[in-house]
Each structure stands twice: as structure tokens, then as C-alpha cells.
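Structure file run04.csv with CSV, C-alpha atoms:
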```csv
chain,number,residue,atom,x,y,z
B,10,MET,CA,-12.0,-38.0,-18.3
B,11,ARG,CA,-9.2,-36.6,-20.4
B,12,CYS,CA,-10.0,-32.9,-20.2
B,13,GLN,CA,-10.0,-31.5,-16.7
B,14,ILE,CA,-11.7,-28.2,-16.2
B,15,ASN,CA,-11.1,-26.3,-13.0
B,16,PRO,CA,-13.9,-24.1,-11.8
B,17,ARG,CA,-13.0,-20.5,-11.6
B,18,ARG,CA,-13.5,-18.6,-8.4
B,19,TRP,CA,-15.4,-15.6,-9.7
B,20,LEU,CA,-14.7,-13.2,-6.8
B,21,ASN,CA,-11.0,-12.7,-6.0
B,22,LEU,CA,-10.0,-10.8,-2.9
B,23,GLN,CA,-6.5,-9.9,-1.9
B,24,GLU,CA,-5.3,-11.0,1.6
B,25,TYR,CA,-5.7,-7.5,3.1
B,26,GLN,CA,-9.3,-7.4,1.9
B,27,SER,CA,-10.2,-10.7,3.5
B,28,LYS,CA,-8.6,-9.5,6.7
B,29,LYS,CA,-10.5,-6.3,6.6
B,30,LEU,CA,-13.8,-8.2,6.4
B,31,MET,CA,-12.8,-10.3,9.4
B,32,GLN,CA,-11.7,-7.3,11.3
B,33,ASP,CA,-15.1,-5.6,10.7
B,34,SER,CA,-16.8,-8.7,12.2
B,35,GLY,CA,-14.7,-8.6,15.4
B,36,VAL,CA,-12.3,-11.4,14.4
B,37,THR,CA,-8.8,-10.9,15.7
B,38,VAL,CA,-6.2,-10.3,13.0
B,39,GLN,CA,-2.8,-8.7,13.0
B,40,ARG,CA,-2.8,-4.9,12.9
B,41,PHE,CA,-2.0,-3.8,9.4
B,42,PHE,CA,-2.0,-1.0,6.9
B,43,VAL,CA,-2.0,-1.1,3.0
B,44,ALA,CA,0.4,0.9,0.9
B,45,ASP,CA,0.7,1.7,-2.8
B,46,THR,CA,4.1,3.5,-2.7
B,47,ALA,CA,7.4,2.9,-0.8
B,48,SER,CA,6.9,6.1,1.1
B,49,GLU,CA,3.4,5.0,2.2
B,50,ALA,CA,4.9,1.7,3.3
B,51,LEU,CA,7.6,3.4,5.4
B,52,GLU,CA,5.0,5.7,7.0
B,53,ALA,CA,2.8,2.7,7.8
B,54,ALA,CA,5.7,0.8,9.4
B,55,LYS,CA,6.3,3.8,11.7
B,56,ARG,CA,2.7,4.1,12.6
B,57,LEU,CA,2.4,0.4,13.6
B,58,LYS,CA,5.0,0.9,16.4
B,59,ALA,CA,5.5,-2.9,16.4
B,60,LYS,CA,8.5,-4.8,17.7
B,61,GLU,CA,8.6,-6.6,14.4
B,62,ILE,CA,7.0,-5.9,11.0
B,63,VAL,CA,6.0,-8.2,8.2
B,64,LEU,CA,5.8,-6.8,4.6
B,65,LYS,CA,3.7,-8.8,2.2
B,66,ALA,CA,3.3,-8.3,-1.6
B,67,GLN,CA,-0.4,-8.5,-2.4
B,68,ILE,CA,-1.1,-10.8,-5.4
B,69,LEU,CA,-3.7,-13.5,-6.0
B,70,ALA,CA,-1.3,-16.4,-5.8
B,71,GLY,CA,0.3,-18.7,-3.2
B,72,GLY,CA,3.9,-19.3,-2.6
B,73,ARG,CA,4.7,-15.6,-2.3
B,74,GLY,CA,7.4,-16.1,0.4
B,75,LYS,CA,9.5,-18.2,-2.1
B,76,GLY,CA,8.8,-16.0,-5.1
B,77,VAL,CA,11.3,-13.8,-7.0
B,78,PHE,CA,10.8,-10.2,-8.3
B,79,ASP,CA,12.2,-9.0,-11.6
B,80,SER,CA,13.8,-6.3,-9.5
B,81,GLY,CA,16.1,-9.0,-8.2
B,82,LEU,CA,14.5,-9.1,-4.7
B,83,LYS,CA,13.9,-12.6,-3.5
B,84,GLY,CA,10.7,-13.3,-1.5
B,85,GLY,CA,7.3,-11.6,-1.5
B,86,VAL,CA,7.2,-11.8,2.3
B,87,HIS,CA,9.8,-10.1,4.6
B,88,LEU,CA,10.3,-9.7,8.3
B,89,THR,CA,12.2,-6.8,9.9
B,90,LYS,CA,12.5,-4.9,13.1
B,91,ASP,CA,13.6,-1.7,11.4
B,92,PRO,CA,10.8,0.4,9.8
B,93,ALA,CA,13.3,2.0,7.5
B,94,VAL,CA,14.0,-1.3,5.8
B,95,VAL,CA,10.2,-1.6,5.0
B,96,GLY,CA,10.5,1.4,2.7
B,97,GLU,CA,13.5,0.0,0.9
B,98,LEU,CA,11.9,-3.5,0.4
B,99,ALA,CA,8.6,-2.0,-0.7
B,100,GLY,CA,10.6,0.0,-3.4
B,101,LYS,CA,11.8,-3.3,-4.8
B,102,MET,CA,8.3,-4.8,-4.7
B,103,LEU,CA,5.9,-2.1,-6.0
B,104,GLY,CA,5.8,-1.8,-9.7
B,105,PHE,CA,7.8,-5.0,-10.2
B,106,SER,CA,6.6,-8.5,-11.2
B,107,LEU,CA,6.6,-11.3,-8.6
B,108,THR,CA,6.9,-14.9,-10.0
B,109,THR,CA,5.8,-17.8,-7.8
B,110,LYS,CA,4.9,-21.4,-8.5
B,111,GLN,CA,1.3,-20.3,-8.9
B,112,THR,CA,1.8,-17.3,-11.3
B,113,PRO,CA,2.3,-17.2,-15.0
B,114,LYS,CA,6.0,-17.4,-16.1
B,115,GLU,CA,6.2,-13.7,-16.5
B,116,GLY,CA,4.9,-13.2,-13.0
B,117,VAL,CA,2.3,-10.7,-11.7
B,118,LYS,CA,3.0,-7.0,-11.2
B,119,VAL,CA,2.7,-5.9,-7.5
B,120,LYS,CA,0.6,-2.8,-7.0
B,121,THR,CA,-0.1,-3.0,-3.3
B,122,VAL,CA,1.8,-4.2,-0.2
B,123,MET,CA,0.4,-5.0,3.2
B,124,VAL,CA,2.5,-3.7,6.2
B,125,ALA,CA,1.5,-5.7,9.3
B,126,GLU,CA,2.5,-6.3,12.9
B,127,ALA,CA,4.5,-9.5,13.0
B,128,LEU,CA,3.3,-11.9,15.8
B,129,ASP,CA,5.0,-15.0,17.1
B,130,ILE,CA,2.9,-18.2,16.8
B,131,SER,CA,3.4,-20.7,19.6
B,132,ARG,CA,0.9,-23.1,18.1
B,133,GLU,CA,-1.0,-23.4,14.8
B,134,THR,CA,-4.5,-25.0,14.3
B,135,TYR,CA,-6.8,-25.3,11.3
B,136,PHE,CA,-10.4,-24.1,11.3
B,137,ALA,CA,-13.0,-23.7,8.5
B,138,ILE,CA,-16.7,-23.2,8.1
B,139,LEU,CA,-18.2,-24.5,4.8
B,140,MET,CA,-21.4,-25.3,3.1
B,141,ASP,CA,-21.7,-29.1,2.9
B,142,ARG,CA,-24.3,-30.7,0.7
B,143,SER,CA,-24.2,-34.0,2.6
B,144,PHE,CA,-25.4,-32.1,5.7
B,145,ASN,CA,-27.6,-29.7,3.8
B,146,GLY,CA,-26.0,-26.7,5.4
B,147,PRO,CA,-22.9,-25.3,7.1
B,148,VAL,CA,-20.4,-27.4,8.9
B,149,MET,CA,-17.4,-26.5,11.1
B,150,VAL,CA,-14.2,-28.4,10.4
B,151,GLY,CA,-11.1,-28.1,12.6
B,152,SER,CA,-7.8,-29.8,13.4
B,153,PRO,CA,-5.1,-29.1,16.0
B,154,GLN,CA,-2.7,-29.7,13.2
B,155,GLY,CA,-2.7,-26.3,11.4
B,156,GLY,CA,-0.4,-24.4,9.1
B,157,VAL,CA,-0.1,-27.3,6.7
B,158,ASP,CA,-2.1,-28.9,3.9
B,159,ILE,CA,-5.3,-30.1,5.6
B,160,GLU,CA,-5.8,-32.8,3.0
B,161,GLU,CA,-2.5,-34.3,4.1
B,162,VAL,CA,-3.6,-34.3,7.7
B,163,ALA,CA,-7.0,-35.9,6.8
B,164,ALA,CA,-5.2,-38.7,4.9
B,165,ALA,CA,-2.5,-39.4,7.4
B,166,THR,CA,-4.3,-38.8,10.7
B,167,PRO,CA,-8.1,-38.6,10.1
B,168,GLU,CA,-8.7,-38.8,13.9
B,169,LEU,CA,-7.3,-35.3,14.1
B,170,ILE,CA,-10.1,-33.9,11.9
B,171,PHE,CA,-13.2,-32.7,13.9
B,172,LYS,CA,-16.6,-31.7,12.6
B,173,GLU,CA,-19.6,-29.9,14.0
B,174,VAL,CA,-22.8,-29.6,12.0
B,175,ILE,CA,-24.4,-26.2,12.4
B,176,ASP,CA,-28.2,-25.8,12.5
B,177,ILE,CA,-28.7,-22.9,10.0
B,178,PHE,CA,-31.7,-21.6,12.0
B,179,GLU,CA,-30.0,-21.9,15.4
B,180,GLY,CA,-26.4,-21.0,14.6
B,181,VAL,CA,-23.3,-22.0,16.4
B,182,ARG,CA,-24.2,-23.0,20.0
B,183,ASP,CA,-21.9,-22.1,22.9
B,184,ASP,CA,-21.3,-25.8,23.6
B,185,GLN,CA,-20.3,-26.5,20.0
B,186,ALA,CA,-17.9,-23.6,19.9
B,187,LEU,CA,-16.3,-24.6,23.2
B,188,ARG,CA,-16.1,-28.3,22.1
B,189,MET,CA,-14.4,-27.3,18.8
B,190,ALA,CA,-12.0,-25.0,20.7
B,191,ALA,CA,-11.1,-27.9,23.0
B,192,ASN,CA,-10.6,-30.2,20.0
B,193,LEU,CA,-8.3,-27.7,18.5
B,194,GLY,CA,-6.2,-27.9,21.6
B,195,PHE,CA,-6.9,-24.5,23.2
B,196,LYS,CA,-6.7,-24.7,27.0
B,197,GLY,CA,-7.6,-22.5,30.0
B,198,PRO,CA,-8.6,-19.0,29.1
B,199,LEU,CA,-7.6,-19.6,25.5
B,200,GLU,CA,-10.5,-22.1,25.1
B,201,ARG,CA,-13.1,-19.5,25.7
B,202,GLN,CA,-11.2,-16.9,23.6
B,203,ALA,CA,-11.0,-19.4,20.7
B,204,ALA,CA,-14.7,-20.2,21.0
B,205,ASN,CA,-15.6,-16.6,20.8
B,206,GLN,CA,-13.5,-16.3,17.6
B,207,ILE,CA,-15.2,-19.3,16.1
B,208,LYS,CA,-18.7,-17.7,16.7
B,209,ARG,CA,-17.5,-14.4,15.2
B,210,LEU,CA,-16.2,-16.3,12.1
B,211,TYR,CA,-19.6,-17.8,11.7
B,212,ASP,CA,-21.2,-14.4,12.0
B,213,LEU,CA,-18.9,-13.3,9.1
B,214,PHE,CA,-19.8,-16.4,7.2
B,215,LEU,CA,-23.5,-15.5,7.3
B,216,LYS,CA,-23.0,-11.8,6.9
B,217,VAL,CA,-21.1,-12.0,3.5
B,218,ASP,CA,-22.9,-15.0,2.1
B,219,ALA,CA,-19.8,-17.1,2.1
B,220,THR,CA,-19.6,-20.7,1.0
B,221,GLN,CA,-16.4,-21.2,2.9
B,222,VAL,CA,-14.3,-19.4,5.4
B,223,GLU,CA,-11.0,-21.2,5.9
B,224,VAL,CA,-8.5,-20.0,8.5
B,225,ASN,CA,-5.1,-21.7,8.3
B,226,PRO,CA,-3.5,-21.1,10.7
B,227,LEU,CA,-5.8,-20.1,13.6
B,228,GLY,CA,-3.0,-19.7,16.0
B,229,GLU,CA,-2.1,-18.7,19.6
B,230,THR,CA,0.6,-16.4,20.5
B,231,PRO,CA,3.1,-16.6,23.4
B,232,GLU,CA,1.3,-13.6,24.9
B,233,GLY,CA,-2.0,-15.7,25.1
B,234,GLN,CA,-3.9,-14.3,22.2
B,235,VAL,CA,-5.9,-16.3,19.6
B,236,VAL,CA,-5.3,-14.8,16.1
B,237,CYS,CA,-6.5,-15.5,12.6
B,238,PHE,CA,-3.2,-15.3,10.8
B,239,ASP,CA,-4.4,-16.2,7.3
B,240,ALA,CA,-7.8,-16.7,5.7
B,241,LYS,CA,-9.5,-17.7,2.5
B,242,ILE,CA,-13.1,-16.7,1.9
B,243,ASN,CA,-15.2,-18.1,-0.9
B,244,PHE,CA,-18.5,-16.3,-1.7
B,245,ASP,CA,-21.8,-17.4,-3.2
B,246,ASP,CA,-21.9,-15.7,-6.6
B,247,ASN,CA,-25.7,-15.8,-6.5
B,248,ALA,CA,-25.7,-13.4,-3.6
B,249,GLU,CA,-24.0,-10.6,-5.5
B,250,PHE,CA,-27.2,-8.6,-5.6
B,251,ARG,CA,-27.2,-8.2,-1.8
B,252,GLN,CA,-23.4,-8.2,-1.4
B,253,LYS,CA,-22.6,-5.2,-3.7
B,254,ALA,CA,-20.0,-3.8,-1.3
B,255,VAL,CA,-18.1,-7.1,-1.1
B,256,PHE,CA,-18.2,-7.8,-4.9
B,257,ALA,CA,-17.1,-4.2,-5.6
B,258,MET,CA,-13.8,-5.2,-4.0
B,259,ASP,CA,-13.2,-7.8,-6.7
B,260,ASP,CA,-9.7,-7.5,-8.0
B,261,THR,CA,-9.8,-8.5,-11.7
B,262,ALA,CA,-6.4,-7.0,-12.6
B,263,GLU,CA,-4.8,-10.5,-12.4
B,264,SER,CA,-7.6,-12.3,-14.2
B,265,ASP,CA,-7.6,-13.5,-17.8
B,266,PRO,CA,-9.0,-10.5,-19.7
B,267,LEU,CA,-11.3,-12.8,-21.7
B,268,GLU,CA,-12.7,-14.3,-18.5
B,269,THR,CA,-13.4,-10.8,-17.1
B,270,GLU,CA,-15.0,-9.7,-20.4
B,271,ALA,CA,-17.1,-12.9,-20.5
B,272,ALA,CA,-18.4,-12.3,-16.9
B,273,ARG,CA,-19.6,-8.8,-18.0
B,274,HIS,CA,-22.0,-10.5,-20.4
B,275,ASP,CA,-23.0,-13.2,-17.9
B,276,LEU,CA,-21.0,-15.8,-19.7
B,277,LYS,CA,-18.6,-18.3,-18.2
B,278,TYR,CA,-15.3,-18.6,-20.0
B,279,ILE,CA,-12.3,-20.9,-19.2
B,280,GLY,CA,-9.2,-20.8,-21.3
B,281,LEU,CA,-7.4,-24.0,-22.2
B,282,ASP,CA,-4.3,-24.7,-24.3
B,283,GLY,CA,-5.6,-26.0,-27.6
B,284,ASN,CA,-7.0,-24.4,-30.8
B,285,ILE,CA,-10.7,-25.5,-31.1
B,286,ALA,CA,-13.1,-23.1,-29.3
B,287,CYS,CA,-16.0,-24.8,-27.6
B,288,PHE,CA,-19.3,-22.8,-27.4
B,289,VAL,CA,-21.8,-24.7,-25.3
B,290,ASN,CA,-24.6,-24.4,-22.8
B,291,GLY,CA,-23.8,-26.2,-19.5
B,292,ALA,CA,-20.6,-27.2,-17.8
B,293,GLY,CA,-21.3,-30.9,-18.2
B,294,LEU,CA,-21.8,-30.5,-21.9
B,295,ALA,CA,-18.6,-28.5,-22.0
B,296,MET,CA,-16.6,-31.2,-20.5
B,297,ALA,CA,-18.1,-33.8,-22.8
B,298,THR,CA,-17.3,-31.6,-25.8
B,299,CYS,CA,-13.7,-31.1,-24.7
B,300,ASP,CA,-13.3,-34.8,-24.2
B,301,ILE,CA,-14.6,-35.8,-27.6
B,302,ILE,CA,-12.5,-33.2,-29.3
B,303,ASP,CA,-9.5,-34.8,-27.5
B,304,LEU,CA,-10.7,-38.3,-28.4
B,305,HIS,CA,-10.6,-37.4,-32.1
B,306,GLY,CA,-7.0,-35.9,-31.9
B,307,GLY,CA,-7.9,-32.2,-31.4
B,308,LYS,CA,-7.3,-29.9,-28.4
B,309,PRO,CA,-9.9,-27.5,-27.0
B,310,ALA,CA,-8.8,-23.9,-26.8
B,311,ASN,CA,-11.4,-23.0,-24.2
B,312,PHE,CA,-15.0,-23.5,-23.3
B,313,LEU,CA,-17.5,-20.8,-23.2
B,314,ASP,CA,-20.8,-21.6,-21.4
B,315,LEU,CA,-23.9,-19.7,-22.3
B,316,GLY,CA,-26.0,-21.1,-19.5
B,317,GLY,CA,-29.8,-20.7,-19.8
B,318,GLY,CA,-32.0,-17.8,-20.8
B,319,VAL,CA,-29.6,-16.7,-23.4
B,320,LYS,CA,-30.1,-13.7,-25.7
B,321,GLU,CA,-28.9,-12.9,-29.2
B,322,ASN,CA,-26.5,-10.2,-28.0
B,323,GLN,CA,-24.8,-12.7,-25.7
B,324,VAL,CA,-24.2,-15.1,-28.6
B,325,TYR,CA,-22.7,-12.2,-30.5
B,326,ALA,CA,-20.5,-11.3,-27.5
B,327,ALA,CA,-19.5,-14.9,-27.2
B,328,PHE,CA,-18.3,-15.1,-30.7
B,329,LYS,CA,-16.4,-11.8,-30.3
B,330,LEU,CA,-14.6,-13.3,-27.3
B,331,LEU,CA,-13.8,-16.5,-29.1
B,332,THR,CA,-12.4,-14.9,-32.2
B,333,ALA,CA,-10.3,-12.5,-30.1
B,334,ASP,CA,-8.2,-15.5,-29.0
B,335,PRO,CA,-5.3,-15.9,-31.5
B,336,LYS,CA,-5.0,-19.6,-30.6
B,337,VAL,CA,-8.5,-20.4,-32.0
B,338,GLU,CA,-8.4,-22.0,-35.4
B,339,ALA,CA,-11.9,-23.4,-35.4
B,340,ILE,CA,-15.1,-23.0,-33.4
B,341,LEU,CA,-17.4,-25.8,-32.4
B,342,VAL,CA,-20.9,-24.8,-31.3
B,343,ASN,CA,-22.6,-27.6,-29.3
B,344,ILE,CA,-26.0,-26.5,-27.9
B,345,PHE,CA,-28.7,-28.8,-26.4
B,346,GLY,CA,-31.7,-26.6,-26.2
B,347,GLY,CA,-33.9,-27.3,-23.2
B,348,ILE,CA,-34.7,-23.8,-21.7
B,349,VAL,CA,-32.5,-22.4,-24.5
B,350,ASN,CA,-34.3,-21.6,-27.8
B,351,CYS,CA,-32.1,-23.0,-30.6
B,352,ALA,CA,-33.5,-20.3,-33.0
B,353,ILE,CA,-32.1,-17.5,-30.8
B,354,ILE,CA,-28.7,-19.2,-31.0
B,355,ALA,CA,-28.9,-19.6,-34.7
B,356,ASN,CA,-29.9,-15.9,-35.2
B,357,GLY,CA,-27.0,-14.9,-32.9
B,358,ILE,CA,-24.6,-17.1,-34.8
B,359,THR,CA,-25.5,-15.7,-38.3
B,360,LYS,CA,-25.4,-12.1,-37.0
B,361,ALA,CA,-21.9,-12.7,-35.5
B,362,CYS,CA,-20.6,-14.4,-38.6
B,363,ARG,CA,-21.6,-11.5,-40.8
B,364,GLU,CA,-20.6,-8.6,-38.6
B,365,LEU,CA,-17.3,-10.1,-37.3
B,366,GLU,CA,-16.4,-11.5,-40.8
B,367,LEU,CA,-15.6,-14.9,-39.2
B,368,LYS,CA,-12.3,-16.2,-40.7
B,369,VAL,CA,-12.1,-19.6,-39.0
B,370,PRO,CA,-14.1,-22.8,-39.7
B,371,LEU,CA,-17.4,-23.0,-37.8
B,372,VAL,CA,-19.1,-26.3,-36.9
B,373,VAL,CA,-22.5,-26.2,-35.4
B,374,ARG,CA,-24.5,-28.9,-33.6
B,375,LEU,CA,-27.9,-27.9,-32.4
B,376,GLU,CA,-30.5,-30.1,-30.7
B,377,GLY,CA,-33.7,-29.4,-28.7
B,378,THR,CA,-36.2,-26.6,-28.5
B,379,ASN,CA,-37.1,-25.1,-31.9
B,380,VAL,CA,-34.2,-26.9,-33.6
B,381,GLN,CA,-35.9,-27.2,-37.0
B,382,GLU,CA,-36.3,-23.4,-37.2
B,383,ALA,CA,-32.7,-23.0,-36.1
B,384,LYS,CA,-31.5,-25.3,-38.8
B,385,ARG,CA,-33.5,-23.4,-41.4
B,386,ILE,CA,-32.0,-20.1,-40.3
B,387,LEU,CA,-28.5,-21.5,-40.6
B,388,SER,CA,-29.0,-23.3,-44.0
B,389,GLU,CA,-30.6,-20.2,-45.6
B,390,SER,CA,-28.0,-17.8,-44.3
B,391,GLY,CA,-25.6,-18.5,-47.1
B,392,LEU,CA,-22.7,-18.6,-44.6
B,393,PRO,CA,-20.0,-21.2,-44.6
B,394,ILE,CA,-21.3,-23.0,-41.6
B,395,THR,CA,-20.8,-26.8,-41.3
B,396,SER,CA,-23.7,-28.6,-39.6
B,397,ALA,CA,-23.3,-31.7,-37.5
B,398,THR,CA,-25.7,-34.4,-36.7
B,399,ASP,CA,-24.5,-35.1,-33.2
B,400,LEU,CA,-21.6,-34.3,-30.8
B,401,ASP,CA,-19.3,-37.0,-32.2
B,402,ASP,CA,-19.9,-35.8,-35.8
B,403,ALA,CA,-19.3,-32.2,-34.7
B,404,ALA,CA,-15.9,-33.1,-33.0
B,405,LYS,CA,-14.7,-35.0,-36.1
B,406,LYS,CA,-15.6,-32.1,-38.4
B,407,ALA,CA,-14.0,-29.5,-36.2
B,408,VAL,CA,-10.7,-31.5,-36.0
B,409,ALA,CA,-10.8,-32.2,-39.8
B,410,ALA,CA,-11.4,-28.5,-40.5
B,411,ILE,CA,-8.2,-27.5,-38.8
B,412,ALA,CA,-6.3,-30.3,-40.6
B,413,LYS,CA,-7.4,-28.9,-44.0
B,414,ASN,CA,-6.1,-25.4,-43.2
```

How does the structure come out when it is put into C-alpha cells?
Amino acid sequence: MRCQINPRRWLNLQEYQSKKLMQDSGVTVQRFFVADTASEALEAAKRLKAKEIVLKAQILAGGRGKGVFDSGLKGGVHLTKDPAVVGELAGKMLGFSLTTKQTPKEGVKVKTVMVAEALDISRETYFAILMDRSFNGPVMVGSPQGGVDIEEVAAATPELIFKEVIDIFEGVRDDQALRMAANLGFKGPLERQAANQIKRLYDLFLKVDATQVEVNPLGETPEGQVVCFDAKINFDDNAEFRQKAVFAMDDTAESDPLETEAARHDLKYIGLDGNIACFVNGAGLAMATCDIIDLHGGKPANFLDLGGGVKENQVYAAFKLLTADPKVEAILVNIFGGIVNCAIIANGITKACRELELKVPLVVRLEGTNVQEAKRILSESGLPITSATDLDDAAKKAVAAIAKN
């Protein structure tokens, strides 16, 4: 497949937010405070009364430690034993853009820093709980090799990957938690302590309707403490109705504004690099549409997925989003109406074309429920809409429309 579409994680939490959720569930994390100004960071460092302090810029991107600020400061993660230095460093982080290997070229502006107690790690392990279709429920996955890419561990030393299938009705049993703790390499009193942390992480997993809780590393300190040093939590978007407090934490400041606006209208939008907008219903159809555009020499600018149960106002909102993208030079509508009524799509299209005074070529392929009525609406609209007989025909016409302009 030529066009690769990466699914967007709709709920984005900063590191300190994930750690707060863990803390609230009794999971052991480093003591920390959050600051929005250099003076708050300095005060937080003093309040910690820690031997060593770690200051972390809070952005939704990896590689912060090796990043560079436009203030000239190198590194989004700093260790110090002097609280006064925390204020100075925070002053060079807050309000400045941090560029890492995972950010846009211009970087991401840092608005918050986390001031935490720095703890030594004598050993790192990997632990996760995730929903696994092959087991029809949650599974624990662990390895005594933590702090590194778990995929690499699985490829090089698969014998160091341990799994425990969890009965969703019974939960994590004591023997399972202890067995996983032993497989992770915890010994003596640390084994029981690690097992307790594993059970609390499962409680968190259930409480917030997570699809994955990944702790890397789950480490032990020289003082004999098991600590979750870093965590990634993925959430079930369908549970938003009962996880309002969690979803209210969503940080959309770093998201693509078009993606954020699309989500407001229950639309799924993913931006790509081309100039032909793809307006579809269903992710599979979206990928097929992108691939056929590419096959005929064009490049998709995005795909916007209507999903099912669509309404006219969503079609209008979709067109407004697509035409707001300056890269878009043509729009290809590819709808296969099963639960979607093609006539509703057609009415939405004609309304959007008139009210938005569409300036770019529009190619429409509709098939399925009430398609004849939909085609009549489009043909009698008097609008410059190019109809297509099938997906291949639609892609050819969209690419040709750009070539003419």
C-alpha cells in the first residue's frame, strides 16, 4: 500500500497528567509539581526538598532530552542539585519553542514544566497492560529489559517477554501479579512491592477505560523502592461519556487545528502532504482512495472520514475544513452509502458549494443507499460538479482537474 495513514490518538495527555492519574490510583511515582512561570518553578524546587531535582519541559513529543530551545538552551530535561538553577533553566524553557526529532521544524512552544524529585534507578524493567483482540480482553506484558524499545527486545530476545492473560471478570490474581514481578526480576521484598504496583496499575487501567497503560521503565531504586518512572496511557474514545474528567484534560494546543476542529463535528481528519482532498466514509475506503489517487500520479492532501449516521451540517463543516487548507487544489468525494444516505450527502455538498463559493474542482462518486436521488440532486443543482462512475474514474478525474488548472 503506497499511502500509509497513521491513526491519530485523539486524547493527548502531558506527562504530568498521566502521572497524576497514576498517583490518584496509588501507583508510586516521583514527587512532582507543575509550574507555568520561572518563579513558580523555583518555588516548587524549594518545596520538594529533594537531594536532586529533574526539570522537564512538557510537550507531546519524545526526544525532549536531546531537543533544542530557540532560547539557545539545549535539552528539555535537566538535572540539578541546586533549586536556584531550576528557576534559571525554567526561564529559558517557558515561552520558548523546543525542537526535537518528533516535533515540527519550528518546534513546539513550552507552556508548562514539571519539577520533580530525581531518583536513581538501579534497574529498569518494562511493564504494560493492554487490550488484546487475540485474547478477547486485557493482557499483561512485561520484560526485565526496560528503558529501551520493547520491539527491539521482542525481536532480539523473545524469551525475555512475559505475558499474563487477565480474566476481565476476575481481575489480576495475586499469583499472576507475583509471577509477573518475579519474571521482571524483582527479588525479596521488592517482588511483593512490584506485584502491588502491578495490581494498582490494573485498577487504573479499568478506572479510566484505558486501552493501554505502558510503563517504561518500571524501575527499582537503590533505596529499595519500586517506581513508575514514565508512562503512556491510551484511552478508549468510546468511553468519553463516562470519563469526562479525564477527557477534559485533553491538551489540544499542539494538535493540528484542522484535526481539532474536525473532532468538534464528530469527523476524523488526518492531514497529508498532497493537494487532493479526500472526503470519504470509512478508514478503509479512505486508504483505498489515497492509494488510487497516488496510482494515477496525484497526491492526497488529507482524508476526512464522515463515518456513519452523517447529517447535512457535518457535510457542510467538512467542506469548510477542506477548503480552509491552502494546499487543497481539488476535492474528491468518495462515498459508499450503506448506513449513510447518499441524498443527505448530496444535499450537504450542494449547500456547501453555494454558501462557501467553492473555487476548486470537485469530483463526486456516490454509490449505495438512495444513490439515484443523490445523483438527481447533484445534476439539477447547476453547480460545476464532476460526477464519477467508480473510484478509479473519480481518481483519474481529480488528478486531471488539477493538471488543467

Discussion item. If we count all atoms listed in the file and set the cut-off at 8 Å, which residues sit around stretch 44-50 of chain B, ignoring sequence neighbours fewer than 2 positions away in its own chain? Please answer as a ChimeraX atom specification.
Written reply: /B:42,52-54,95-100,103,120-124

Worksheet, complete the sentence: Min atom-atom distance to B:Ser34 from the set B:Ile207, B:Leu57, B:Met102, B:Leu139, counting only C-alpha atoms, belongs to B:Ile207

Find the spatial neighbours of B:Ile170, counting only C-alpha atoms, within a cut-off of 10 Å - ignore same-chain residues fewer than 3 positions away - and output them as a compact mmCIF listing (two decimals) with C-alpha atoms, in the coordinates of the input.
```
# COMPACT_ATOMS: atom_id res chain seq x y z
CA TYR B 135 -6.80 -25.30 11.30
CA PHE B 136 -10.40 -24.10 11.30
CA VAL B 150 -14.20 -28.40 10.40
CA GLY B 151 -11.10 -28.10 12.60
CA SER B 152 -7.80 -29.80 13.40
CA PRO B 153 -5.10 -29.10 16.00
CA GLN B 154 -2.70 -29.70 13.20
CA ILE B 159 -5.30 -30.10 5.60
CA GLU B 160 -5.80 -32.80 3.00
CA VAL B 162 -3.60 -34.30 7.70
CA ALA B 163 -7.00 -35.90 6.80
CA ALA B 164 -5.20 -38.70 4.90
CA THR B 166 -4.30 -38.80 10.70
CA PRO B 167 -8.10 -38.60 10.10
CA ASN B 192 -10.60 -30.20 20.00
CA LEU B 193 -8.30 -27.70 18.50
```

Worksheet item: What is the atom CA of B:Met149 to atom CA of B:Tyr25 distance in Å?
Response: 23.7 Å

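Atom CA of B:Arg201 is positioned 14.0 Å from atom CA of B:Val181.
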